file run.tsv (TSV, C-alpha atoms)
chain	number	residue	atom	x	y	z
A	160	GLY	CA	1.70	215.39	-39.88
A	161	GLY	CA	2.98	213.35	-42.82
A	162	ARG	CA	1.65	210.48	-44.91
A	163	TRP	CA	3.41	208.72	-47.79
A	164	GLU	CA	3.92	205.37	-49.51
A	165	GLU	CA	7.19	203.48	-49.23
A	166	ASP	CA	7.75	200.10	-50.90
A	167	GLY	CA	3.99	199.68	-51.23
A	168	VAL	CA	3.31	200.42	-47.55
A	169	ILE	CA	1.47	203.54	-46.35
A	170	LYS	CA	3.42	205.25	-43.58
A	171	THR	CA	2.33	208.10	-41.32
A	172	VAL	CA	3.87	210.47	-38.83
A	173	PRO	CA	1.61	212.33	-36.36
A	174	GLU	CA	1.81	216.11	-36.24
A	175	GLY	CA	3.74	216.25	-32.98
A	176	GLU	CA	6.43	213.89	-34.28
A	177	LEU	CA	6.97	215.43	-37.71
A	178	PHE	CA	10.28	217.16	-36.98
A	179	HIS	CA	11.68	214.05	-35.31
A	180	ASN	CA	11.30	212.18	-38.60
A	181	TYR	CA	13.71	213.85	-40.98
A	182	HIS	CA	16.61	212.54	-43.02
A	183	LEU	CA	19.63	214.23	-44.56
A	184	VAL	CA	19.84	214.82	-48.31
A	185	THR	CA	23.01	215.83	-50.15
A	186	VAL	CA	22.48	218.60	-52.70
A	187	SER	CA	25.16	220.14	-54.91
A	188	GLY	CA	25.17	223.67	-56.25
A	189	VAL	CA	24.08	225.48	-53.08
A	190	ASP	CA	26.31	228.25	-51.74
A	191	GLY	CA	27.60	227.41	-48.27
A	192	ALA	CA	25.76	224.11	-47.71
A	193	SER	CA	25.79	220.57	-49.06
A	194	GLU	CA	23.42	218.69	-46.74
A	195	PHE	CA	19.84	219.55	-45.88
A	196	GLU	CA	17.22	218.14	-43.55
A	197	CYS	CA	14.14	216.78	-45.27
A	198	TYR	CA	10.91	215.96	-43.43
A	199	PRO	CA	7.57	214.64	-44.79
A	200	ASN	CA	5.28	217.25	-46.35
A	201	ARG	CA	1.67	216.42	-45.48
A	202	ASP	CA	-0.13	213.72	-47.47
A	203	SER	CA	1.79	212.50	-50.53
A	204	THR	CA	-0.50	209.60	-51.44
A	205	PRO	CA	-3.04	211.46	-53.68
A	206	TYR	CA	-0.29	212.31	-56.14
A	207	LYS	CA	-0.15	208.76	-57.51
A	208	GLU	CA	-3.54	209.36	-59.10
A	209	ILE	CA	-2.88	213.00	-59.94
A	210	TYR	CA	0.28	212.12	-61.87
A	211	GLY	CA	-1.20	208.96	-63.38
A	212	LEU	CA	1.28	206.59	-61.72
A	213	PRO	CA	-0.89	203.88	-60.16
A	214	SER	CA	1.89	201.24	-60.09
A	215	LEU	CA	4.32	203.46	-58.18
A	216	GLN	CA	5.54	201.77	-54.99
A	217	THR	CA	7.28	204.71	-53.32
A	218	LEU	CA	6.12	208.32	-53.35
A	219	GLN	CA	7.06	210.91	-50.76
A	220	ARG	CA	7.01	214.69	-50.83
A	221	GLY	CA	9.33	216.44	-48.42
A	222	THR	CA	10.38	219.90	-47.28
A	223	PHE	CA	14.02	220.99	-47.20
A	224	ARG	CA	15.49	222.97	-44.32
A	225	TYR	CA	19.04	223.85	-43.31
A	226	LYS	CA	20.72	221.46	-40.89
A	227	GLY	CA	19.67	222.12	-37.31
A	228	PHE	CA	16.22	223.48	-38.18
A	229	CYS	CA	14.23	220.44	-37.02
A	230	GLU	CA	16.00	220.23	-33.67
A	231	ILE	CA	15.39	223.93	-33.04
A	232	VAL	CA	11.68	223.58	-33.86
A	233	ASN	CA	11.47	220.56	-31.57
A	234	GLY	CA	13.00	222.66	-28.81
A	235	LEU	CA	10.55	225.54	-29.32
A	236	THR	CA	7.70	223.01	-29.33
A	237	ALA	CA	8.89	221.43	-26.08
A	238	LEU	CA	9.06	224.88	-24.48
A	239	GLY	CA	5.49	225.59	-25.57
A	240	TYR	CA	6.22	228.43	-27.98
A	241	LEU	CA	4.28	226.81	-30.83
A	242	SER	CA	1.08	226.67	-28.81
A	243	THR	CA	-2.01	228.40	-30.26
A	244	GLU	CA	-3.96	228.17	-27.01
A	245	THR	CA	-5.52	231.54	-26.11
A	246	ARG	CA	-4.07	233.04	-22.94
A	247	ASP	CA	-4.56	236.30	-21.06
A	248	ASP	CA	-1.13	236.33	-19.40
A	249	VAL	CA	1.13	236.85	-22.42
A	250	GLY	CA	0.69	240.34	-23.88
A	251	GLY	CA	2.49	243.30	-22.33
A	252	ARG	CA	5.07	241.21	-20.45
A	253	ALA	CA	8.81	240.84	-20.86
A	254	ILE	CA	9.30	237.66	-22.83
A	255	LYS	CA	12.09	236.62	-20.49
A	256	GLY	CA	9.49	236.17	-17.75
A	257	VAL	CA	7.27	234.04	-19.97
A	258	THR	CA	10.22	231.80	-20.89
A	259	ALA	CA	11.15	231.50	-17.22
A	260	GLU	CA	7.64	230.38	-16.28
A	261	LEU	CA	7.64	227.79	-19.08
A	262	VAL	CA	10.74	226.10	-17.63
A	263	GLY	CA	10.04	226.66	-13.92
A	264	ALA	CA	12.76	229.27	-13.39
A	265	ALA	CA	12.56	232.42	-11.32
A	266	VAL	CA	11.13	235.35	-13.28
A	267	ASP	CA	13.95	237.62	-12.06
A	268	CYS	CA	16.78	235.21	-12.94
A	269	SER	CA	19.68	236.34	-15.12
A	270	GLN	CA	19.84	235.57	-18.84
A	271	GLN	CA	22.58	233.00	-18.21
A	272	GLU	CA	20.56	231.34	-15.45
A	273	LEU	CA	17.55	231.26	-17.77
A	274	ARG	CA	19.63	229.73	-20.56
A	275	GLU	CA	20.80	227.02	-18.16
A	276	ALA	CA	17.21	226.35	-17.05
A	277	VAL	CA	16.04	226.01	-20.66
A	278	ALA	CA	18.95	223.66	-21.40
A	279	LYS	CA	17.92	221.49	-18.45
A	280	LYS	CA	14.28	221.50	-19.56
A	281	LEU	CA	15.28	220.36	-23.06
A	282	SER	CA	18.01	217.96	-21.83
A	283	LEU	CA	20.59	219.79	-23.93
A	284	ALA	CA	24.07	221.15	-23.29
A	285	VAL	CA	24.13	224.85	-22.41
A	286	ASP	CA	26.16	225.59	-25.55
A	287	HIS	CA	23.79	223.68	-27.87
A	288	ALA	CA	22.71	225.40	-31.11
A	289	THR	CA	19.06	225.29	-30.01
A	290	LEU	CA	19.95	227.52	-27.04
A	291	ASP	CA	21.83	229.84	-29.39
A	292	ALA	CA	18.68	230.08	-31.51
A	293	CYS	CA	16.53	230.87	-28.47
A	294	GLN	CA	18.96	233.59	-27.43
A	295	TRP	CA	19.10	235.04	-30.96
A	296	LEU	CA	15.30	235.17	-30.97
A	297	GLY	CA	15.43	237.18	-27.75
A	298	LEU	CA	13.57	234.61	-25.65
A	299	PHE	CA	15.94	235.33	-22.73
A	300	SER	CA	15.69	239.12	-23.17
A	301	SER	CA	13.58	241.89	-21.66
A	302	ASP	CA	11.77	242.52	-24.98
A	303	VAL	CA	8.14	243.39	-24.24
A	304	ILE	CA	5.53	241.27	-25.97
A	305	PRO	CA	2.88	243.36	-27.81
A	306	ALA	CA	-0.08	244.04	-25.51
A	307	ASP	CA	-2.65	242.43	-27.80
A	308	THR	CA	-0.79	239.08	-27.98
A	309	ARG	CA	-2.92	236.15	-26.86
A	310	THR	CA	-0.88	233.04	-27.72
A	311	LEU	CA	2.68	231.87	-27.20
A	312	LEU	CA	3.03	231.31	-30.95
A	313	ASP	CA	2.14	234.95	-31.59
A	314	ALA	CA	4.67	236.00	-28.96
A	315	LEU	CA	7.33	233.98	-30.78
A	316	CYS	CA	6.32	235.52	-34.12
A	317	ALA	CA	6.65	239.01	-32.61
A	318	GLN	CA	10.27	238.14	-31.73
A	319	MET	CA	10.92	236.75	-35.20
A	320	LYS	CA	9.60	239.64	-37.27
A	321	PRO	CA	12.30	242.24	-36.58
A	322	ARG	CA	15.08	239.65	-36.71
A	323	MET	CA	14.17	237.62	-39.79
A	324	LYS	CA	13.57	240.34	-42.38
A	325	TYR	CA	15.97	240.59	-45.31
A	326	GLU	CA	18.72	243.15	-44.81
A	327	GLU	CA	20.54	245.01	-47.57
A	328	GLY	CA	22.43	242.55	-49.77
A	329	GLN	CA	20.66	239.43	-48.48
A	330	ARG	CA	18.68	237.20	-50.81
A	331	ASP	CA	16.34	234.24	-50.66
A	332	MET	CA	16.84	230.85	-52.26
A	333	ILE	CA	14.53	228.24	-53.76
A	334	LEU	CA	15.71	224.63	-53.60
A	335	MET	CA	13.74	221.83	-55.25
A	336	GLN	CA	14.83	218.31	-56.02
A	337	HIS	CA	13.09	215.28	-57.51
A	338	LYS	CA	14.49	211.76	-57.33
A	339	TYR	CA	13.20	208.97	-59.56
A	340	THR	CA	14.11	205.31	-59.91
A	341	PHE	CA	13.29	203.60	-63.22
A	342	ASP	CA	13.52	199.82	-63.49
A	343	TYR	CA	14.19	198.34	-66.95
A	344	PRO	CA	14.74	194.68	-67.90
A	345	ASP	CA	18.52	195.18	-68.16
A	346	ARG	CA	19.24	198.11	-65.85
A	347	THR	CA	18.06	200.53	-63.18
A	348	GLU	CA	18.34	204.29	-63.62
A	349	HIS	CA	18.45	206.76	-60.75
A	350	VAL	CA	17.53	210.24	-61.98
A	351	THR	CA	17.97	213.37	-59.86
A	352	THR	CA	16.71	216.72	-61.11
A	353	THR	CA	17.57	219.79	-59.04
A	354	LEU	CA	16.62	223.45	-59.08
A	355	VAL	CA	18.64	226.01	-57.12
A	356	ASP	CA	17.56	229.60	-57.70
A	357	TYR	CA	18.55	232.79	-55.89
A	358	GLY	CA	16.82	236.12	-55.55
A	359	THR	CA	18.06	239.04	-57.62
A	360	PRO	CA	18.71	242.64	-56.49
A	361	THR	CA	15.18	243.53	-57.65
A	362	ASP	CA	13.11	240.37	-57.12
A	363	SER	CA	13.01	237.51	-54.65
A	364	SER	CA	13.37	233.96	-55.96
A	365	MET	CA	10.01	233.15	-54.38
A	366	SER	CA	8.26	235.91	-56.33
A	367	ARG	CA	9.96	234.92	-59.60
A	368	THR	CA	9.26	231.20	-59.39
A	369	VAL	CA	5.63	231.76	-58.37
A	370	SER	CA	4.69	234.56	-60.74
A	371	LEU	CA	6.68	233.89	-63.93
A	372	PRO	CA	4.96	230.58	-64.86
A	373	VAL	CA	1.56	232.28	-64.64
A	374	CYS	CA	2.78	235.29	-66.61
A	375	ILE	CA	4.27	233.07	-69.32
A	376	LEU	CA	1.00	231.21	-69.82
A	377	MET	CA	-1.07	234.40	-69.75
A	378	ARG	CA	1.12	236.00	-72.42
A	379	HIS	CA	0.72	232.97	-74.67
A	380	LEU	CA	-3.02	232.93	-74.14
A	381	LEU	CA	-3.28	236.58	-75.10
A	382	THR	CA	-1.04	236.39	-78.17
A	383	LEU	CA	-1.91	233.00	-79.72
A	384	SER	CA	-3.71	232.94	-83.03
A	385	THR	CA	-7.13	231.30	-82.79
A	386	LYS	CA	-6.02	228.96	-85.60
A	387	SER	CA	-3.00	227.70	-83.67
A	388	PRO	CA	-3.07	224.10	-82.36
A	389	LYS	CA	-1.93	225.43	-79.00
A	390	SER	CA	-4.90	227.77	-78.95
A	391	GLN	CA	-7.20	224.78	-79.25
A	392	LEU	CA	-5.32	223.11	-76.41
A	393	PHE	CA	-5.76	226.08	-74.09
A	394	GLU	CA	-9.42	226.39	-75.01
A	395	SER	CA	-9.96	222.77	-73.92
A	396	LEU	CA	-8.48	223.44	-70.47
A	397	LEU	CA	-11.30	224.99	-68.49
A	398	GLY	CA	-11.08	226.24	-64.92
A	399	VAL	CA	-8.09	225.83	-62.60
A	400	GLN	CA	-5.62	223.34	-64.04
A	401	ARG	CA	-2.58	221.50	-62.72
A	402	PRO	CA	0.37	221.71	-65.15
A	403	LEU	CA	0.19	218.05	-66.19
A	404	ASP	CA	0.03	218.44	-69.98
A	405	PRO	CA	3.51	218.41	-71.61
A	406	ALA	CA	2.41	221.06	-74.09
A	407	VAL	CA	1.80	223.37	-71.15
A	408	TYR	CA	4.67	222.66	-68.77
A	409	THR	CA	7.41	222.34	-71.42
A	410	LEU	CA	6.40	225.75	-72.75
A	411	VAL	CA	6.79	227.21	-69.26
A	412	LEU	CA	10.04	225.39	-68.44
A	413	ASP	CA	11.64	226.50	-71.73
A	414	GLU	CA	10.90	230.14	-71.01
A	415	LEU	CA	11.92	229.88	-67.36
A	416	ALA	CA	15.28	228.60	-68.57
A	417	LYS	CA	15.75	231.86	-70.49
A	418	ALA	CA	15.31	233.66	-67.16
A	419	GLY	CA	17.97	231.46	-65.57
A	420	ILE	CA	15.53	229.22	-63.67
A	421	VAL	CA	16.74	225.77	-64.67
A	422	PHE	CA	16.48	222.20	-63.41
A	423	LYS	CA	19.74	220.26	-63.75
A	424	ASP	CA	19.50	216.51	-64.35
A	425	LYS	CA	21.84	213.77	-63.20
A	426	VAL	CA	21.39	210.17	-64.40
A	427	GLU	CA	23.06	207.19	-62.77
A	428	LYS	CA	22.71	203.88	-64.61
A	429	VAL	CA	23.12	200.57	-62.83
A	430	VAL	CA	23.49	197.69	-65.31
A	431	MET	CA	22.16	194.39	-64.00
A	432	LYS	CA	24.42	191.38	-63.94
A	433	GLU	CA	23.33	188.32	-65.87
A	434	THR	CA	22.57	186.47	-62.62
A	435	GLU	CA	20.26	189.30	-61.48
A	436	LYS	CA	18.09	189.33	-64.62

call {"tool": "encode", "arguments": {"input": "run.tsv", "output": "C-alpha cells"}}
result
Amino acid sequence: GGRWEEDGVIKTVPEGELFHNYHLVTVSGVDGASEFECYPNRDSTPYKEIYGLPSLQTLQRGTFRYKGFCEIVNGLTALGYLSTETRDDVGGRAIKGVTAELVGAAVDCSQQELREAVAKKLSLAVDHATLDACQWLGLFSSDVIPADTRTLLDALCAQMKPRMKYEEGQRDMILMQHKYTFDYPDRTEHVTTTLVDYGTPTDSSMSRTVSLPVCILMRHLLTLSTKSPKSQLFESLLGVQRPLDPAVYTLVLDELAKAGIVFKDKVEKVVMKETEK
C-alpha cells in the first residue's frame, strides 16, 4: 500500500488499490518517452523526521513506470496471477489451461477464444494493451509450467524469466526525480531535479548507481590522512549511516558527475503580486 502527507493531511491507499492510484508525470531527457506513471511508494511519512523537515506539509515518494504498466498489473491481479496462495494444481500444466480456468473458459479453447474470455473477465476490448501483454507473456500459450510451481505468482514469474532478460544491445535505465516547492515572502520557487542514466556496454545503470557511491566513500576512507578534517568526520559516523551530511553526499555526487551520473536542476520562480503578499 501507500501512505503519504498532502497539504498537512495523511493519506493512505490499501495494497489492493495501489495501482489504481497513479498520476502522470512529464519528464524530459528520456529516449522514447515523455510521460510516466507514478504511484505511491510505501510509507513516506517517516522521512519528515529523517530529513529534518518537521514543518513540511506535503511529502510523497513515488515509483515511476512506463505508461500502461499500472493497468497491466491491475489486469494480472484481477485474473489472479499475483496470488501467493499455495496450490497443488499449478505445476506441470499448460499455462493456457490455468488461464482458462481463471476466467471460466473451456480448457481446450483456442488462443483467440481465450483472449476474448480474458477481455470479458477484465471488461476490456479484445485489442486492449493489457491483452497484448498477457499474450506476450504466453498466458494463452501451451507453455508448460515448471512441475515444482505452487503459486500463480510463481507461474507468472516462470513466463516472465525467458522473455524479460536483456538481449544483445539492450540496456537498463534509472530515472529519478525530486520536486520541491519553496515559499519565500516575495516569491515561490518550484525546483525539479532529475537524473536519467543508462546502462553501458559493460555495466547496467542499476549496478553503477548502487555500487559507485559505496566505492567512492570506501576509497576516501582508505586514503584519507588521519589529520584530515574529513577523516575526523568519517570517524564520528559509526555504524550504518544515511547520506544526510553534506560533507558526505556532496563528495559522492561530485565524483558521480565525473562518471556521467548527474542530476539536472530546473528552477521556476513565481513572483507574488503586491496584492498577494

call {"tool": "atom_distance", "arguments": {"input": "run.tsv", "atom1": "CA of Glu196 in chain A", "atom2": "CA of Glu327 in chain A"}}
result
27.4 Å

call {"tool": "closest_residue", "arguments": {"input": "run.tsv", "among": "A:Arg322, A:His337, A:Lys428, A:Arg346", "to": "Gly221 in chain A", "atoms": "all atoms listed in the file"}}
result
A:His337

call {"tool": "closest_residue", "arguments": {"input": "run.tsv", "among": "A:Leu298, A:Met332, A:Ala416, A:Val373", "to": "Gln400 in chain A", "atoms": "all atoms listed in the file"}}
result
A:Val373

call {"tool": "residues_around", "arguments": {"input": "run.tsv", "residues": "range 264-278 of chain A", "least_positions_apart": "4", "cutoff": "12 Å", "atoms": "only C-alpha atoms", "output": "count of residues only"}}
result
33

call {"tool": "atom_distance", "arguments": {"input": "run.tsv", "atom1": "CA of Gly227 in chain A", "atom2": "CA of Trp163 in chain A"}}
result
23.5 Å

call {"tool": "residues_around", "arguments": {"input": "run.tsv", "residues": "His182 in chain A", "least_positions_apart": "2", "cutoff": "7 Å", "atoms": "all atoms listed in the file", "output": "ChimeraX atom specification"}}
result
/A:180,184,196-198

call {"tool": "atom_distance", "arguments": {"input": "run.tsv", "atom1": "CA of Phe178 in chain A", "atom2": "CA of Tyr206 in chain A"}}
result
22.4 Å

call {"tool": "residues_around", "arguments": {"input": "run.tsv", "residues": "Leu312 in chain A", "least_positions_apart": "5", "cutoff": "12 Å", "atoms": "all atoms listed in the file", "output": "PDB file with C-alpha atoms, in the frame of the given file"}}
result
ATOM      1  CA  VAL A 232      11.680 223.580 -33.860  1.00  0.00           C
ATOM      2  CA  LEU A 235      10.550 225.540 -29.320  1.00  0.00           C
ATOM      3  CA  THR A 236       7.700 223.010 -29.330  1.00  0.00           C
ATOM      4  CA  LEU A 238       9.060 224.880 -24.480  1.00  0.00           C
ATOM      5  CA  GLY A 239       5.490 225.590 -25.570  1.00  0.00           C
ATOM      6  CA  TYR A 240       6.220 228.430 -27.980  1.00  0.00           C
ATOM      7  CA  LEU A 241       4.280 226.810 -30.830  1.00  0.00           C
ATOM      8  CA  SER A 242       1.080 226.670 -28.810  1.00  0.00           C
ATOM      9  CA  THR A 243      -2.010 228.400 -30.260  1.00  0.00           C
ATOM     10  CA  GLU A 244      -3.960 228.170 -27.010  1.00  0.00           C
ATOM     11  CA  THR A 245      -5.520 231.540 -26.110  1.00  0.00           C
ATOM     12  CA  ARG A 246      -4.070 233.040 -22.940  1.00  0.00           C
ATOM     13  CA  VAL A 249       1.130 236.850 -22.420  1.00  0.00           C
ATOM     14  CA  GLY A 250       0.690 240.340 -23.880  1.00  0.00           C
ATOM     15  CA  ILE A 304       5.530 241.270 -25.970  1.00  0.00           C
ATOM     16  CA  ALA A 317       6.650 239.010 -32.610  1.00  0.00           C
ATOM     17  CA  GLN A 318      10.270 238.140 -31.730  1.00  0.00           C
ATOM     18  CA  MET A 319      10.920 236.750 -35.200  1.00  0.00           C
TER      19      MET A 319
END

call {"tool": "closest_residue", "arguments": {"input": "run.tsv", "among": "A:Leu177, A:Leu183, A:Val426, A:Met431", "to": "Asp345 in chain A", "atoms": "all atoms listed in the file"}}
result
A:Met431

call {"tool": "residues_around", "arguments": {"input": "run.tsv", "residues": "range 410-413 of chain A", "least_positions_apart": "5", "cutoff": "10 Å", "atoms": "all atoms listed in the file", "output": "PyMOL selection string"}}
result
chain A and resi 371-376+379+402+405+418+420-422

call {"tool": "closest_residue", "arguments": {"input": "run.tsv", "among": "A:Asn200, A:Thr217, A:Gln336, A:Ser366", "to": "Thr352 in chain A", "atoms": "all atoms listed in the file"}}
result
A:Gln336

call {"tool": "closest_residue", "arguments": {"input": "run.tsv", "among": "A:Thr347, A:Gln219, A:Glu208, A:Thr185", "to": "Thr171 in chain A", "atoms": "only C-alpha atoms"}}
result
A:Gln219
